[in-house]
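Source file upload.cif; content: mmCIF, C-alpha atoms, pLDDT in the B column; chains and numbers go by the auth columns.
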data_structure
loop_
_atom_site.group_PDB
_atom_site.id
_atom_site.type_symbol
_atom_site.label_atom_id
_atom_site.label_comp_id
_atom_site.label_asym_id
_atom_site.label_seq_id
_atom_site.Cartn_x
_atom_site.Cartn_y
_atom_site.Cartn_z
_atom_site.B_iso_or_equiv
_atom_site.auth_seq_id
_atom_site.auth_asym_id
ATOM 1 C CA MET A 1 20.545 7.162 12.292 43.00 199 U
ATOM 2 C CA ARG A 2 21.106 3.417 12.274 41.00 200 U
ATOM 3 C CA HIS A 3 22.046 1.712 9.055 42.00 201 U
ATOM 4 C CA PHE A 4 20.222 -1.388 7.891 35.00 202 U
ATOM 5 C CA HIS A 5 21.430 -3.124 4.772 37.00 203 U
ATOM 6 C CA HIS A 6 18.703 -5.452 3.585 36.00 204 U
ATOM 7 C CA TYR A 7 18.897 -6.075 -0.108 32.00 205 U
ATOM 8 C CA HIS A 8 16.562 -8.345 -2.011 35.00 206 U
ATOM 9 C CA ALA A 9 17.888 -10.694 -4.633 34.00 207 U
ATOM 10 C CA HIS A 10 15.332 -9.873 -7.298 37.00 208 U
ATOM 11 C CA HIS A 11 15.862 -6.193 -8.157 38.00 209 U
ATOM 12 C CA ASN A 12 15.212 -5.104 -11.662 41.00 210 U
ATOM 13 C CA ASP A 13 16.354 -1.509 -11.441 48.00 211 U
ATOM 14 C CA ALA A 14 19.281 0.315 -9.885 47.00 212 U
ATOM 15 C CA HIS A 15 17.267 1.434 -6.865 48.00 213 U
ATOM 16 C CA GLY A 16 15.741 -1.863 -5.765 49.00 214 U
ATOM 17 C CA LEU A 17 12.237 -1.325 -7.158 46.00 215 U
ATOM 18 C CA ARG A 18 10.886 -4.665 -8.311 41.00 216 U
ATOM 19 C CA ARG A 19 9.150 -4.424 -11.649 38.00 217 U
ATOM 20 C CA GLY A 20 6.081 -6.421 -12.560 39.00 218 U
ATOM 21 C CA ARG A 21 3.872 -6.463 -15.636 34.00 219 U
ATOM 22 C CA HIS A 22 3.279 -3.100 -17.290 36.00 220 U
ATOM 23 C CA GLY A 23 6.230 -1.553 -15.442 40.00 221 U
ATOM 24 C CA HIS A 24 4.485 -1.445 -12.069 38.00 222 U
ATOM 25 C CA GLY A 25 6.102 -2.739 -8.908 41.00 223 U
ATOM 26 C CA GLY A 26 5.383 -6.338 -8.074 39.00 224 U
ATOM 27 C CA HIS A 27 3.013 -7.056 -5.247 39.00 225 U
ATOM 28 C CA GLU A 28 3.842 -9.828 -2.871 39.00 226 U
ATOM 29 C CA GLU A 29 1.000 -12.260 -2.315 39.00 227 U
ATOM 30 C CA SER A 30 -0.277 -11.902 1.200 38.00 228 U
ATOM 31 C CA HIS A 31 -2.291 -14.345 3.233 41.00 229 U
ATOM 32 C CA SER A 32 -3.574 -11.633 5.577 41.00 230 U
ATOM 33 C CA ARG A 33 -7.114 -10.316 5.413 52.00 231 U
ATOM 34 C CA ARG A 34 -6.201 -6.949 3.927 57.00 232 U
ATOM 35 C CA PRO A 35 -3.470 -6.332 1.398 64.00 233 U
ATOM 36 C CA ARG A 36 -0.615 -4.028 2.302 75.00 234 U
ATOM 37 C CA PHE A 37 -1.029 -0.381 1.388 77.00 235 U
ATOM 38 C CA PHE A 38 2.272 -0.375 -0.470 87.00 236 U
ATOM 39 C CA GLY A 39 3.949 -3.120 -2.461 84.00 237 U
ATOM 40 C CA HIS A 40 7.670 -3.826 -2.518 86.00 238 U
ATOM 41 C CA GLY A 41 9.603 -0.608 -3.136 87.00 239 U
ATOM 42 C CA GLU A 42 6.523 1.606 -3.356 93.00 240 U
ATOM 43 C CA LEU A 43 7.001 3.302 0.009 94.00 241 U
ATOM 44 C CA ARG A 44 10.344 4.596 -1.323 95.00 242 U
ATOM 45 C CA LEU A 45 8.578 6.392 -4.166 96.00 243 U
ATOM 46 C CA VAL A 46 5.934 7.803 -1.840 96.00 244 U
ATOM 47 C CA MET A 47 8.567 9.055 0.597 96.00 245 U
ATOM 48 C CA LEU A 48 10.576 10.739 -2.162 96.00 246 U
ATOM 49 C CA ASP A 49 7.407 12.364 -3.487 96.00 247 U
ATOM 50 C CA ILE A 50 6.591 13.716 -0.030 96.00 248 U
ATOM 51 C CA LEU A 51 10.138 15.082 0.295 96.00 249 U
ATOM 52 C CA THR A 52 9.592 17.154 -2.868 95.00 250 U
ATOM 53 C CA ARG A 53 6.743 18.913 -1.042 91.00 251 U
ATOM 54 C CA GLY A 54 8.780 19.990 1.966 81.00 252 U
ATOM 55 C CA ALA A 55 8.692 17.307 4.654 69.00 253 U
ATOM 56 C CA SER A 56 12.201 17.040 6.006 83.00 254 U
ATOM 57 C CA HIS A 57 12.167 14.750 9.065 89.00 255 U
ATOM 58 C CA GLY A 58 11.209 11.140 9.701 89.00 256 U
ATOM 59 C CA TYR A 59 8.270 12.088 11.937 91.00 257 U
ATOM 60 C CA GLU A 60 6.902 14.408 9.235 92.00 258 U
ATOM 61 C CA LEU A 61 7.133 11.588 6.690 94.00 259 U
ATOM 62 C CA ILE A 62 5.170 9.299 9.013 95.00 260 U
ATOM 63 C CA LYS A 63 2.449 11.939 9.464 94.00 261 U
ATOM 64 C CA GLU A 64 2.275 12.705 5.718 94.00 262 U
ATOM 65 C CA ILE A 65 1.907 9.003 4.862 94.00 263 U
ATOM 66 C CA GLU A 66 -0.788 8.663 7.510 94.00 264 U
ATOM 67 C CA ALA A 67 -2.628 11.641 5.949 92.00 265 U
ATOM 68 C CA LEU A 68 -2.163 10.243 2.429 91.00 266 U
ATOM 69 C CA THR A 69 -3.837 6.982 3.476 90.00 267 U
ATOM 70 C CA GLY A 70 -6.692 8.697 5.282 88.00 268 U
ATOM 71 C CA GLY A 71 -5.406 7.457 8.620 88.00 269 U
ATOM 72 C CA ASN A 72 -5.648 3.819 7.534 85.00 270 U
ATOM 73 C CA TYR A 73 -1.888 3.215 7.573 89.00 271 U
ATOM 74 C CA THR A 74 0.771 4.714 9.806 92.00 272 U
ATOM 75 C CA PRO A 75 4.268 3.415 9.120 93.00 273 U
ATOM 76 C CA SER A 76 6.347 2.738 12.196 92.00 274 U
ATOM 77 C CA PRO A 77 9.798 4.241 12.725 93.00 275 U
ATOM 78 C CA GLY A 78 11.039 0.671 12.203 93.00 276 U
ATOM 79 C CA VAL A 79 9.807 0.931 8.605 92.00 277 U
ATOM 80 C CA ILE A 80 10.647 4.583 7.900 93.00 278 U
ATOM 81 C CA TYR A 81 14.228 4.773 9.150 92.00 279 U
ATOM 82 C CA PRO A 82 15.582 1.666 7.395 94.00 280 U
ATOM 83 C CA THR A 83 13.914 2.930 4.204 94.00 281 U
ATOM 84 C CA LEU A 84 15.632 6.291 4.670 94.00 282 U
ATOM 85 C CA ASP A 85 18.940 4.445 5.136 94.00 283 U
ATOM 86 C CA PHE A 86 18.333 2.617 1.864 96.00 284 U
ATOM 87 C CA LEU A 87 17.448 5.846 0.037 96.00 285 U
ATOM 88 C CA GLN A 88 20.599 7.480 1.404 96.00 286 U
ATOM 89 C CA ASP A 89 22.746 4.483 0.400 96.00 287 U
ATOM 90 C CA GLN A 90 21.317 4.804 -3.116 96.00 288 U
ATOM 91 C CA GLN A 91 22.097 8.564 -3.077 97.00 289 U
ATOM 92 C CA LEU A 92 18.432 9.432 -3.585 97.00 290 U
ATOM 93 C CA ILE A 93 18.393 11.562 -0.412 96.00 291 U
ATOM 94 C CA SER A 94 20.958 13.336 1.729 94.00 292 U
ATOM 95 C CA LEU A 95 20.919 13.984 5.467 90.00 293 U
ATOM 96 C CA SER A 96 22.284 16.952 7.326 86.00 294 U
ATOM 97 C CA GLU A 97 22.545 17.561 11.053 83.00 295 U
ATOM 98 C CA GLU A 98 20.360 20.344 12.488 80.00 296 U
ATOM 99 C CA GLU A 99 20.447 22.035 15.868 76.00 297 U
ATOM 100 C CA GLY A 100 19.113 19.706 18.526 81.00 298 U
ATOM 101 C CA GLY A 101 20.489 16.611 16.800 80.00 299 U
ATOM 102 C CA ARG A 102 17.618 16.142 14.333 83.00 300 U
ATOM 103 C CA LYS A 103 18.562 15.125 10.822 84.00 301 U
ATOM 104 C CA LYS A 104 17.133 17.109 7.930 90.00 302 U
ATOM 105 C CA ILE A 105 16.254 14.953 4.923 94.00 303 U
ATOM 106 C CA VAL A 106 16.590 16.397 1.414 94.00 304 U
ATOM 107 C CA ILE A 107 15.856 14.692 -1.893 95.00 305 U
ATOM 108 C CA THR A 108 18.888 14.770 -4.213 96.00 306 U
ATOM 109 C CA GLU A 109 18.909 15.466 -7.948 96.00 307 U
ATOM 110 C CA THR A 110 19.405 11.713 -8.459 97.00 308 U
ATOM 111 C CA GLY A 111 16.330 11.158 -6.303 96.00 309 U
ATOM 112 C CA ARG A 112 14.314 13.682 -8.322 96.00 310 U
ATOM 113 C CA ALA A 113 15.390 12.011 -11.565 97.00 311 U
ATOM 114 C CA TRP A 114 14.430 8.542 -10.256 96.00 312 U
ATOM 115 C CA LEU A 115 11.092 9.916 -9.081 96.00 313 U
ATOM 116 C CA ALA A 116 10.475 11.428 -12.545 96.00 314 U
ATOM 117 C CA GLU A 117 11.371 8.108 -14.212 96.00 315 U
ATOM 118 C CA ASN A 118 8.782 6.398 -12.025 95.00 316 U
ATOM 119 C CA SER A 119 6.034 9.042 -12.205 94.00 317 U
ATOM 120 C CA ASP A 120 3.568 6.669 -13.910 95.00 318 U
ATOM 121 C CA HIS A 121 4.057 4.138 -11.134 94.00 319 U
ATOM 122 C CA LEU A 122 3.618 6.870 -8.514 95.00 320 U
ATOM 123 C CA GLU A 123 0.317 7.916 -10.153 95.00 321 U
ATOM 124 C CA HIS A 124 -0.791 4.268 -10.052 93.00 322 U
ATOM 125 C CA ILE A 125 0.080 4.120 -6.325 93.00 323 U
ATOM 126 C CA HIS A 126 -1.890 7.298 -5.564 92.00 324 U
ATOM 127 C CA ALA A 127 -4.936 6.023 -7.504 92.00 325 U
ATOM 128 C CA ARG A 128 -4.822 2.684 -5.682 90.00 326 U
ATOM 129 C CA VAL A 129 -4.468 4.380 -2.268 89.00 327 U
ATOM 130 C CA LYS A 130 -7.427 6.656 -3.064 89.00 328 U
ATOM 131 C CA ALA A 131 -9.553 3.632 -3.984 86.00 329 U
ATOM 132 C CA ARG A 132 -8.498 1.825 -0.793 86.00 330 U
ATOM 133 C CA ILE A 133 -9.508 4.848 1.310 84.00 331 U
ATOM 134 C CA ILE A 134 -12.955 4.834 -0.310 83.00 332 U
ATOM 135 C CA GLY A 135 -13.223 1.116 0.420 78.00 333 U
ATOM 136 C CA HIS A 136 -12.246 1.628 4.064 76.00 334 U
ATOM 137 C CA GLU A 137 -14.868 4.350 4.449 76.00 335 U
ATOM 138 C CA LEU A 138 -17.529 2.196 2.785 76.00 336 U
ATOM 139 C CA ARG A 139 -16.812 -0.701 5.144 75.00 337 U
ATOM 140 C CA LYS A 140 -17.426 1.684 8.061 77.00 338 U
ATOM 141 C CA ASN A 141 -20.978 2.359 6.812 80.00 339 U
ATOM 142 C CA PRO A 142 -23.284 0.567 9.301 85.00 340 U
ATOM 143 C CA GLU A 143 -25.683 -0.715 6.628 88.00 341 U
ATOM 144 C CA MET A 144 -22.862 -2.031 4.437 84.00 342 U
ATOM 145 C CA LYS A 145 -21.137 -3.585 7.437 84.00 343 U
ATOM 146 C CA ARG A 146 -24.368 -5.306 8.509 89.00 344 U
ATOM 147 C CA ALA A 147 -25.037 -6.618 4.989 89.00 345 U
ATOM 148 C CA LEU A 148 -21.491 -7.987 4.607 86.00 346 U
ATOM 149 C CA GLU A 149 -21.577 -9.623 8.047 88.00 347 U
ATOM 150 C CA ASN A 150 -24.993 -11.113 7.254 91.00 348 U
ATOM 151 C CA LEU A 151 -23.689 -12.595 3.998 91.00 349 U
ATOM 152 C CA LYS A 152 -20.608 -14.032 5.733 90.00 350 U
ATOM 153 C CA ALA A 153 -22.745 -15.572 8.511 92.00 351 U
ATOM 154 C CA VAL A 154 -25.203 -17.158 6.077 91.00 352 U
ATOM 155 C CA LEU A 155 -22.397 -18.556 3.927 90.00 353 U
ATOM 156 C CA ASP A 156 -20.658 -19.919 7.013 88.00 354 U
ATOM 157 C CA LEU A 157 -23.852 -21.654 8.158 88.00 355 U
ATOM 158 C CA LYS A 158 -24.646 -23.108 4.721 86.00 356 U
ATOM 159 C CA VAL A 159 -21.169 -24.044 3.535 86.00 357 U
ATOM 160 C CA ASN A 160 -18.934 -24.626 6.536 86.00 358 U
ATOM 161 C CA GLN A 161 -21.180 -26.109 9.231 83.00 359 U
ATOM 162 C CA ALA A 162 -22.449 -29.244 7.528 83.00 360 U
ATOM 163 C CA PRO A 163 -21.992 -31.285 4.370 88.00 361 U
ATOM 164 C CA ILE A 164 -23.571 -29.602 1.368 88.00 362 U
ATOM 165 C CA GLU A 165 -25.183 -31.177 -1.659 90.00 363 U
ATOM 166 C CA PRO A 166 -23.542 -30.350 -5.016 91.00 364 U
ATOM 167 C CA ALA A 167 -26.819 -28.909 -6.346 93.00 365 U
ATOM 168 C CA THR A 168 -27.114 -26.557 -3.334 90.00 366 U
ATOM 169 C CA LEU A 169 -23.501 -25.452 -3.732 90.00 367 U
ATOM 170 C CA LYS A 170 -24.135 -24.782 -7.421 93.00 368 U
ATOM 171 C CA LYS A 171 -27.162 -22.590 -6.524 93.00 369 U
ATOM 172 C CA ILE A 172 -25.126 -20.639 -3.948 91.00 370 U
ATOM 173 C CA VAL A 173 -22.292 -20.046 -6.431 92.00 371 U
ATOM 174 C CA GLY A 174 -24.844 -18.963 -9.065 93.00 372 U
ATOM 175 C CA LEU A 175 -26.474 -16.485 -6.659 92.00 373 U
ATOM 176 C CA LEU A 176 -23.097 -15.024 -5.676 90.00 374 U
ATOM 177 C CA ASP A 177 -22.034 -14.691 -9.319 91.00 375 U
ATOM 178 C CA LYS A 178 -25.380 -13.094 -10.269 92.00 376 U
ATOM 179 C CA THR A 179 -25.171 -10.639 -7.358 90.00 377 U
ATOM 180 C CA ALA A 180 -21.570 -9.731 -8.207 88.00 378 U
ATOM 181 C CA LEU A 181 -22.550 -9.107 -11.830 90.00 379 U
ATOM 182 C CA GLU A 182 -25.515 -6.913 -10.833 90.00 380 U
ATOM 183 C CA ILE A 183 -23.363 -4.882 -8.434 87.00 381 U
ATOM 184 C CA SER A 184 -20.691 -4.392 -11.116 86.00 382 U
ATOM 185 C CA GLN A 185 -23.313 -3.006 -13.505 88.00 383 U
ATOM 186 C CA LEU A 186 -24.599 -0.330 -11.105 86.00 384 U
ATOM 187 C CA ASP A 187 -23.896 3.305 -12.044 79.00 385 U
#
Would you kindly transcribe this structure into structure tokens?
Amino acid sequence: MRHFHHYHAHHNDAHGLRRGRHGHGGHEESHSRRPRFFGHGELRLVMLDILTRGASHGYELIKEIEALTGGNYTPSPGVIYPTLDFLQDQQLISLSEEEGGRKKIVITETGRAWLAENSDHLEHIHARVKARIIGHELRKNPEMKRALENLKAVLDLKVNQAPIEPATLKKIVGLLDKTALEISQLD
């Protein structure tokens, strides 16, 4: 296994997990359309959790993470193996050589203790991933997809294609706010 030593300057705990408000890991702002499935340091927790349930090779970790995210995220080996190197450097996992040259990954007692210390954060991650999966499935619904695309097209035509009067903009914002409020109040 190759060793990558990328350390970030703003760690707040001994294992490189950045802490934000309420003890949860900080999330980097992203300018992409969809936010990342895992924030800084969160994949480490997820991987350790999976190792407690028996996965013991990098490929198995990739498949378990893919299953956890409902197929919406599959980490590449270029993400998994450097993370494993980091976890090994922090003594949270150990590696042993198996027949055929594969390396068996085992969570250490230090890793189990760190996972226990961060169990609330792990629960938060699992809840967020579950909500994201529901959102992905909902966006696949043809009626929802059509309605969202229709709204985007109408807004693009009204707001981006020509100058807009302040009164018209105010009406559009009011309609969007009213619709958002009504949707939030549905059972």
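Minimum atom-to-atom distances from U:Glu335, U:Asp318, U:Asp283, U:Glu347 to Thr267 in chain U were compared using only C-alpha atoms, and the lowest value belongs to U:Glu335.
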Hits of the PyMOL selection byres ((chain U and resi 313) around 12) in this structure, as an NGL selection string: :U and (213 or 215 or 240-250 or 285 or 290-291 or 305-312 or 314-321)
Distance of CA of Leu367 in chain U from CA of Glu341 in chain U, expressed in Å to one decimal place: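 Spanning CA of Glu341 in chain U to CA of Leu367 in chain U is a straight-line distance of 26.9 Å.
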Å distance separating CA of His238 in chain U from CA of Val277 in chain U, one decimal place: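 Between these atoms lies a distance of 12.3 Å.
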CA of Asp354 in chain U to CA of Gly333 in chain U, distance in Å rounded to a single decimal: 23.3 Å
Ground truth for the PyMOL selection byres ((chain U and resi 272) around 12), written as JSON, numbers by chain: {"U": [234, 235, 236, 241, 257, 258, 259, 260, 261, 262, 263, 264, 265, 266, 267, 268, 269, 270, 271, 273, 274, 275, 276, 277, 278]}
Which of U:Gly239, U:Asn339, U:Ser254, U:Asp375 sits closest to Ser294 in chain U [using only C-alpha atoms]: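 So, comparing all the options, the nearest one is U:Ser254.
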Around range 371-381 of chain U, fit a box with edges along x, y and z, padding it by 6 Å on each side, then list its centre and edge lengths in Å to one decimal as JSON.
{"center_x": -24.0, "center_y": -12.5, "center_z": -8.8, "size_x": 16.9, "size_y": 27.2, "size_z": 18.2}
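Closest approach to Glu296 in chain U from the set U:His255, U:Ile362, U:Leu336, U:Leu282 is made by U:His255, with distances taken over only C-alpha atoms.
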Nearest residue to Leu374 in chain U from the set U:Glu295, U:Tyr279, U:Asn358, U:Lys350 (distances using all atoms listed in the file):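 Using all atoms listed in the file, Leu374 in chain U sits closest to U:Lys350.
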